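S.K.: Contents are mmCIF, C-alpha atoms; file name upload_5.cif:
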```cif
data_entry
#
loop_
_atom_site.group_PDB
_atom_site.id
_atom_site.type_symbol
_atom_site.label_atom_id
_atom_site.label_comp_id
_atom_site.auth_asym_id
_atom_site.auth_seq_id
_atom_site.Cartn_x
_atom_site.Cartn_y
_atom_site.Cartn_z
ATOM 1 C CA MET J 27 114.818 102.834 87.263
ATOM 2 C CA ALA J 28 112.938 105.427 89.281
ATOM 3 C CA VAL J 29 115.921 107.768 89.553
ATOM 4 C CA GLY J 30 116.536 107.434 85.822
ATOM 5 C CA ALA J 31 112.861 108.131 85.158
ATOM 6 C CA VAL J 32 113.005 111.349 87.172
ATOM 7 C CA VAL J 33 116.199 112.440 85.397
ATOM 8 C CA GLY J 34 114.629 111.603 82.025
ATOM 9 C CA ALA J 35 111.464 113.552 82.827
ATOM 10 C CA VAL J 36 113.455 116.608 83.922
ATOM 11 C CA ALA J 37 115.592 116.403 80.774
ATOM 12 C CA LEU J 38 112.467 116.196 78.610
ATOM 13 C CA SER J 39 110.898 119.190 80.306
ATOM 14 C CA ALA J 40 113.945 121.295 79.433
ATOM 15 C CA GLY J 41 113.562 120.661 75.699
ATOM 16 C CA ARG J 42 110.853 121.020 73.059
ATOM 17 C CA LEU J 43 108.984 117.926 71.971
ATOM 18 C CA SER J 44 108.626 117.974 68.199
ATOM 19 C CA SER J 45 107.501 114.452 67.363
ATOM 20 C CA GLY J 46 105.874 111.724 69.407
ATOM 21 C CA ARG J 47 107.262 109.088 67.044
ATOM 22 C CA TRP J 48 110.841 110.324 67.513
ATOM 23 C CA LEU J 49 110.333 110.174 71.265
ATOM 24 C CA LEU J 50 108.956 106.640 70.973
ATOM 25 C CA ALA J 51 111.909 105.544 68.853
ATOM 26 C CA LEU J 52 114.464 107.272 71.081
ATOM 27 C CA GLY J 53 112.950 105.872 74.273
ATOM 28 C CA ALA J 54 112.717 102.325 72.904
ATOM 29 C CA SER J 55 116.299 102.507 71.608
ATOM 30 C CA ILE J 56 117.626 103.753 74.947
ATOM 31 C CA MET J 57 115.720 101.023 76.806
ATOM 32 C CA GLY J 58 117.033 98.376 74.401
ATOM 33 C CA LEU J 59 120.648 99.485 74.610
ATOM 34 C CA ALA J 60 120.438 99.731 78.406
ATOM 35 C CA ALA J 61 118.969 96.204 78.569
ATOM 36 C CA ILE J 62 121.819 94.881 76.426
ATOM 37 C CA GLY J 63 124.338 96.725 78.632
ATOM 38 C CA SER J 64 122.730 95.351 81.762
ATOM 39 C CA ALA J 65 122.808 91.803 80.415
ATOM 40 C CA GLN J 66 126.533 92.130 79.702
ATOM 41 C CA ALA J 67 127.484 94.043 82.872
ATOM 42 C CA PRO J 68 130.336 92.458 84.810
ATOM 43 C CA VAL J 69 129.410 94.005 88.188
ATOM 44 C CA ILE J 70 126.227 95.064 89.965
ATOM 45 C CA GLY J 71 127.172 98.764 89.855
ATOM 46 C CA VAL J 72 127.109 98.755 86.042
ATOM 47 C CA THR J 73 123.807 96.889 86.090
ATOM 48 C CA THR J 74 122.362 99.517 88.429
ATOM 49 C CA LEU J 75 123.551 102.305 86.134
ATOM 50 C CA MET J 76 122.018 100.546 83.115
ATOM 51 C CA PHE J 77 118.684 100.255 84.935
ATOM 52 C CA GLY J 78 118.789 104.000 85.622
ATOM 53 C CA ILE J 79 119.346 104.656 81.918
ATOM 54 C CA LEU J 80 116.540 102.211 81.128
ATOM 55 C CA GLY J 81 114.240 104.246 83.388
ATOM 56 C CA ALA J 82 115.050 107.452 81.475
ATOM 57 C CA GLY J 83 114.269 105.697 78.187
ATOM 58 C CA ASN J 84 111.046 104.332 79.642
ATOM 59 C CA VAL J 85 109.828 107.845 80.504
ATOM 60 C CA MET J 86 110.590 109.036 76.975
ATOM 61 C CA TYR J 87 108.787 106.060 75.483
ATOM 62 C CA ILE J 88 105.682 106.391 77.672
ATOM 63 C CA ILE J 89 105.352 110.150 77.116
ATOM 64 C CA GLY J 90 105.751 109.700 73.371
ATOM 65 C CA LEU J 91 103.257 106.840 73.311
ATOM 66 C CA ARG J 92 100.582 108.599 75.353
ATOM 67 C CA THR J 93 100.940 111.795 73.357
ATOM 68 C CA THR J 94 100.751 109.966 70.041
ATOM 69 C CA LEU J 95 97.781 107.875 71.169
ATOM 70 C CA GLN J 96 95.871 110.934 72.332
ATOM 71 C CA HIS J 97 96.569 112.782 69.126
ATOM 72 C CA LEU J 98 95.703 109.964 66.729
ATOM 73 C CA THR J 99 92.593 108.768 68.602
ATOM 74 C CA PRO J 100 89.270 110.508 67.998
ATOM 75 C CA THR J 101 87.841 111.985 71.199
ATOM 76 C CA HIS J 102 84.855 109.622 71.309
ATOM 77 C CA MET J 103 87.175 106.565 71.105
ATOM 78 C CA ARG J 104 89.795 107.558 73.681
ATOM 79 C CA GLY J 105 88.234 105.641 76.570
ATOM 80 C CA ARG J 106 88.229 102.419 74.568
ATOM 81 C CA VAL J 107 91.720 102.893 73.183
ATOM 82 C CA PHE J 108 93.282 103.775 76.536
ATOM 83 C CA GLY J 109 91.362 100.960 78.253
ATOM 84 C CA LEU J 110 92.795 98.462 75.765
ATOM 85 C CA TRP J 111 96.254 99.994 76.132
ATOM 86 C CA LEU J 112 96.143 99.643 79.929
ATOM 87 C CA ALA J 113 94.891 96.055 79.611
ATOM 88 C CA THR J 114 97.849 95.183 77.382
ATOM 89 C CA ILE J 115 100.219 96.748 79.910
ATOM 90 C CA GLN J 116 98.765 94.536 82.644
ATOM 91 C CA LEU J 117 99.048 91.479 80.401
ATOM 92 C CA GLY J 118 102.699 92.337 79.749
ATOM 93 C CA ILE J 119 103.381 92.602 83.472
ATOM 94 C CA MET J 120 101.792 89.215 84.111
ATOM 95 C CA LEU J 121 103.689 87.551 81.252
ATOM 96 C CA GLY J 122 106.918 89.140 82.499
ATOM 97 C CA ALA J 123 106.333 87.798 85.997
ATOM 98 C CA ALA J 124 105.679 84.323 84.622
ATOM 99 C CA GLY J 125 108.743 84.502 82.386
ATOM 100 C CA ALA J 126 110.945 85.679 85.262
ATOM 101 C CA ALA J 127 110.659 82.256 86.875
ATOM 102 C CA LEU J 128 111.914 80.620 83.681
ATOM 103 C CA VAL J 129 114.837 83.034 83.403
ATOM 104 C CA ALA J 130 115.733 82.547 87.077
ATOM 105 C CA ALA J 131 115.922 78.799 86.483
ATOM 106 C CA LEU J 132 118.638 79.181 83.835
ATOM 107 C CA PRO J 133 121.912 77.637 85.006
ATOM 108 C CA SER J 134 124.281 80.616 84.920
ATOM 109 C CA ARG J 135 124.300 84.373 85.308
ATOM 110 C CA LYS J 136 125.354 84.805 81.675
ATOM 111 C CA GLY J 137 122.553 82.466 80.630
ATOM 112 C CA SER J 138 120.011 84.538 82.527
ATOM 113 C CA GLY J 139 121.238 87.707 80.795
ATOM 114 C CA LEU J 140 120.609 86.277 77.334
ATOM 115 C CA PRO J 141 116.817 86.862 77.294
ATOM 116 C CA PHE J 142 117.408 90.416 78.508
ATOM 117 C CA ALA J 143 119.960 91.069 75.750
ATOM 118 C CA VAL J 144 117.688 89.566 73.071
ATOM 119 C CA THR J 145 114.749 91.681 74.262
ATOM 120 C CA GLY J 146 116.957 94.777 74.230
ATOM 121 C CA ALA J 147 118.106 94.047 70.686
ATOM 122 C CA LEU J 148 114.491 93.582 69.562
ATOM 123 C CA LEU J 149 113.553 96.948 71.091
ATOM 124 C CA VAL J 150 116.291 98.690 69.130
ATOM 125 C CA VAL J 151 115.362 96.933 65.865
ATOM 126 C CA VAL J 152 111.671 97.783 66.259
ATOM 127 C CA ALA J 153 112.500 101.381 67.166
ATOM 128 C CA LEU J 154 114.703 101.864 64.132
ATOM 129 C CA THR J 155 112.494 100.066 61.603
ATOM 130 C CA ARG J 156 108.916 100.735 62.722
ATOM 131 C CA LEU J 157 108.711 103.803 64.932
ATOM 132 C CA LEU J 158 110.783 106.384 63.101
ATOM 133 C CA PRO J 159 108.715 109.286 61.719
ATOM 134 C CA GLY J 160 109.255 108.477 58.045
ATOM 135 C CA ARG J 161 107.315 105.234 58.529
ATOM 136 C CA ALA J 162 104.135 107.034 59.678
ATOM 137 C CA THR J 163 103.050 108.155 56.224
ATOM 138 C CA GLU J 164 103.725 104.712 54.772
ATOM 139 C CA ARG J 165 101.106 103.242 57.097
ATOM 140 C CA GLY J 166 98.538 105.886 56.208
ATOM 141 C CA HIS J 167 98.662 108.123 59.270
ATOM 142 C CA ALA J 168 97.735 111.764 58.741
ATOM 143 C CA SER J 169 101.221 113.020 59.487
ATOM 144 C CA GLU J 170 104.524 112.035 60.992
ATOM 145 C CA SER J 171 104.175 114.849 63.491
ATOM 146 C CA PHE J 172 101.676 114.592 66.309
ATOM 147 C CA TYR J 173 101.097 118.330 66.011
ATOM 148 C CA ALA J 174 99.171 117.787 62.791
ATOM 149 C CA ASP J 175 95.572 118.940 62.478
ATOM 150 C CA ALA J 176 93.562 115.730 62.901
ATOM 151 C CA THR J 177 91.021 116.670 60.224
ATOM 152 C CA THR J 178 93.313 117.875 57.427
ATOM 153 C CA GLY J 179 96.709 116.403 58.288
ATOM 154 C CA ALA J 180 98.275 119.861 57.986
ATOM 155 C CA LEU J 181 101.173 120.575 60.310
ATOM 156 C CA THR J 182 100.530 123.248 62.898
#
```
Any chance you could put this one into structure tokens?
M.R.:
Amino acid sequence: MAVGAVVGAVALSAGRLSSGRWLLALGASIMGLAAIGSAQAPVIGVTTLMFGILGAGNVMYIIGLRTTLQHLTPTHMRGRVFGLWLATIQLGIMLGAAGAALVAALPSRKGSGLPFAVTGALLVVVALTRLLPGRATERGHASESFYADATTGALT
């Protein structure tokens, strides 16, 4: 994952970021598809490659999320919002560690890949239905672009 994260970060730095929501959706989709690929991989080499791709998607997702959070959060609330965000990350890590024991206890390798594939599919579905930029205005956000002026909603 770390090598994929570095490759993803370098690739992102070469381009121009135009929408935090697109980056969130793209990163979540890449992570989901890589998780599905990893769950179905016949050999460890393919699994390793899928984890590298997952790392690249993770970087895209995290950069998009942090950028969007910073833009949409008023300055005086950022400490609270980022504190809550970090707490939820820690909770997710703990739940993942607890769930890993249950997955490891499954009887076969294919059985243990099923939760990974289901999680990957859910990531893709959420990315395509909830994170795409067109959905931002439906939920009342100022703009689908994180470059919008926070007070007027005008694109800059």
S.K.: Could you tell me which of J:Ile119, J:Ala65, J:Met57, J:Leu75 comes closest to Phe142 of chain J if we count all atoms listed in the file?
M.R.: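 Looking at the shortest contact to Phe142 of chain J, the residue is J:Ala65.
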S.K.: Suppose you want the space between atom CA of Leu91 of chain J and atom CA of Met76 of chain J; what is it in Å?
M.R.: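 Between atom CA of Leu91 of chain J and atom CA of Met76 of chain J the gap is 22.1 Å.
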S.K.: Excluding segment 29-38 of chain J and any residue of its chain fewer than 6 positions from it, enumerate the residues within 10 Å of it, using all atoms listed in the file, and give them as a list of chain:residue names.
M.R.: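 Contacts, in chain order: J:Leu49, J:Gly53, J:Leu75, J:Met76, J:Phe77, J:Gly78, J:Ile79, J:Leu80, J:Gly81, J:Ala82, J:Gly83, J:Asn84, J:Val85, J:Met86, J:Ile89.
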S.K.: Rounded to one decimal in Å, what is the spacing between atom CA of Val69 of chain J and atom CA of Ala143 of chain J?
M.R.: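 One can read the atom CA of Val69 of chain J to atom CA of Ala143 of chain J distance as 15.9 Å.
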S.K.: Can you work out the spacing between atom CA of Leu128 of chain J and atom CA of Leu140 of chain J in Å, to one decimal?
M.R.: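 Between atom CA of Leu128 of chain J and atom CA of Leu140 of chain J the gap works out to 12.2 Å.
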S.K.: Which residues would end up in the selection if the PyMOL selection byres ((chain J and resi 59) around 9) were applied here, given that I need the answer as a VMD selection string?
M.R.: chain J and resid 54 to 58 60 to 64 76 80 143 146 to 147 149 to 150
S.K.: Pull out every residue that the PyMOL selection byres ((chain J and resi 106-116) around 12) matches in the shown coordinates and put them as a PDB file with C-alpha atoms, keeping the file's coordinate frame.
M.R.:
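Below is the file that was written, selection14.pdb:
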```pdb
ATOM      1  CA  ILE J  88     105.682 106.391  77.672  1.00  0.00           C
ATOM      2  CA  LEU J  91     103.257 106.840  73.311  1.00  0.00           C
ATOM      3  CA  ARG J  92     100.582 108.599  75.353  1.00  0.00           C
ATOM      4  CA  THR J  93     100.940 111.795  73.357  1.00  0.00           C
ATOM      5  CA  THR J  94     100.751 109.966  70.041  1.00  0.00           C
ATOM      6  CA  LEU J  95      97.781 107.875  71.169  1.00  0.00           C
ATOM      7  CA  GLN J  96      95.871 110.934  72.332  1.00  0.00           C
ATOM      8  CA  HIS J  97      96.569 112.782  69.126  1.00  0.00           C
ATOM      9  CA  LEU J  98      95.703 109.964  66.729  1.00  0.00           C
ATOM     10  CA  THR J  99      92.593 108.768  68.602  1.00  0.00           C
ATOM     11  CA  PRO J 100      89.270 110.508  67.998  1.00  0.00           C
ATOM     12  CA  THR J 101      87.841 111.985  71.199  1.00  0.00           C
ATOM     13  CA  HIS J 102      84.855 109.622  71.309  1.00  0.00           C
ATOM     14  CA  MET J 103      87.175 106.565  71.105  1.00  0.00           C
ATOM     15  CA  ARG J 104      89.795 107.558  73.681  1.00  0.00           C
ATOM     16  CA  GLY J 105      88.234 105.641  76.570  1.00  0.00           C
ATOM     17  CA  LEU J 117      99.048  91.479  80.401  1.00  0.00           C
ATOM     18  CA  GLY J 118     102.699  92.337  79.749  1.00  0.00           C
ATOM     19  CA  ILE J 119     103.381  92.602  83.472  1.00  0.00           C
ATOM     20  CA  MET J 120     101.792  89.215  84.111  1.00  0.00           C
ATOM     21  CA  LEU J 121     103.689  87.551  81.252  1.00  0.00           C
ATOM     22  CA  GLY J 122     106.918  89.140  82.499  1.00  0.00           C
ATOM     23  CA  ALA J 123     106.333  87.798  85.997  1.00  0.00           C
TER      24      ALA J 123
END
```
S.K.: Measuring atom to atom with all atoms listed in the file, identify which of J:Pro133, J:Ala51, J:Ala67, J:Tyr87 is nearest to Val151 of chain J.
M.R.: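 Selected residue with least distance to Val151 of chain J: J:Ala51.
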S.K.: Got a minute to add N, CA and C atoms to segment 84-96 of chain J and dump it as a short mmCIF file (atom, residue, chain, number, x, y, z; two decimals), in the frame of the given file?
M.R.:
```
data_model
loop_
_atom_site.label_atom_id
_atom_site.label_comp_id
_atom_site.auth_asym_id
_atom_site.auth_seq_id
_atom_site.Cartn_x
_atom_site.Cartn_y
_atom_site.Cartn_z
N ASN J 84 112.44 104.71 79.42
CA ASN J 84 111.05 104.33 79.64
C ASN J 84 110.15 105.56 79.72
N VAL J 85 110.60 106.61 80.41
CA VAL J 85 109.83 107.84 80.50
C VAL J 85 109.63 108.45 79.11
N MET J 86 110.70 108.49 78.33
CA MET J 86 110.59 109.04 76.97
C MET J 86 109.59 108.24 76.14
N TYR J 87 109.68 106.93 76.25
CA TYR J 87 108.79 106.06 75.48
C TYR J 87 107.33 106.26 75.90
N ILE J 88 107.06 106.27 77.18
CA ILE J 88 105.68 106.39 77.67
C ILE J 88 105.09 107.75 77.31
N ILE J 89 105.87 108.82 77.47
CA ILE J 89 105.35 110.15 77.12
C ILE J 89 105.07 110.22 75.62
N GLY J 90 105.97 109.72 74.81
CA GLY J 90 105.75 109.70 73.37
C GLY J 90 104.55 108.87 72.98
N LEU J 91 104.38 107.72 73.63
CA LEU J 91 103.26 106.84 73.31
C LEU J 91 101.93 107.47 73.71
N ARG J 92 101.85 107.99 74.91
CA ARG J 92 100.58 108.60 75.35
C ARG J 92 100.21 109.82 74.51
N THR J 93 101.20 110.62 74.18
CA THR J 93 100.94 111.80 73.36
C THR J 93 100.46 111.39 71.98
N THR J 94 101.13 110.43 71.37
CA THR J 94 100.75 109.97 70.04
C THR J 94 99.37 109.32 70.07
N LEU J 95 99.11 108.50 71.06
CA LEU J 95 97.78 107.88 71.17
C LEU J 95 96.68 108.91 71.31
N GLN J 96 96.89 109.91 72.15
CA GLN J 96 95.87 110.93 72.33
C GLN J 96 95.64 111.72 71.05
#
```
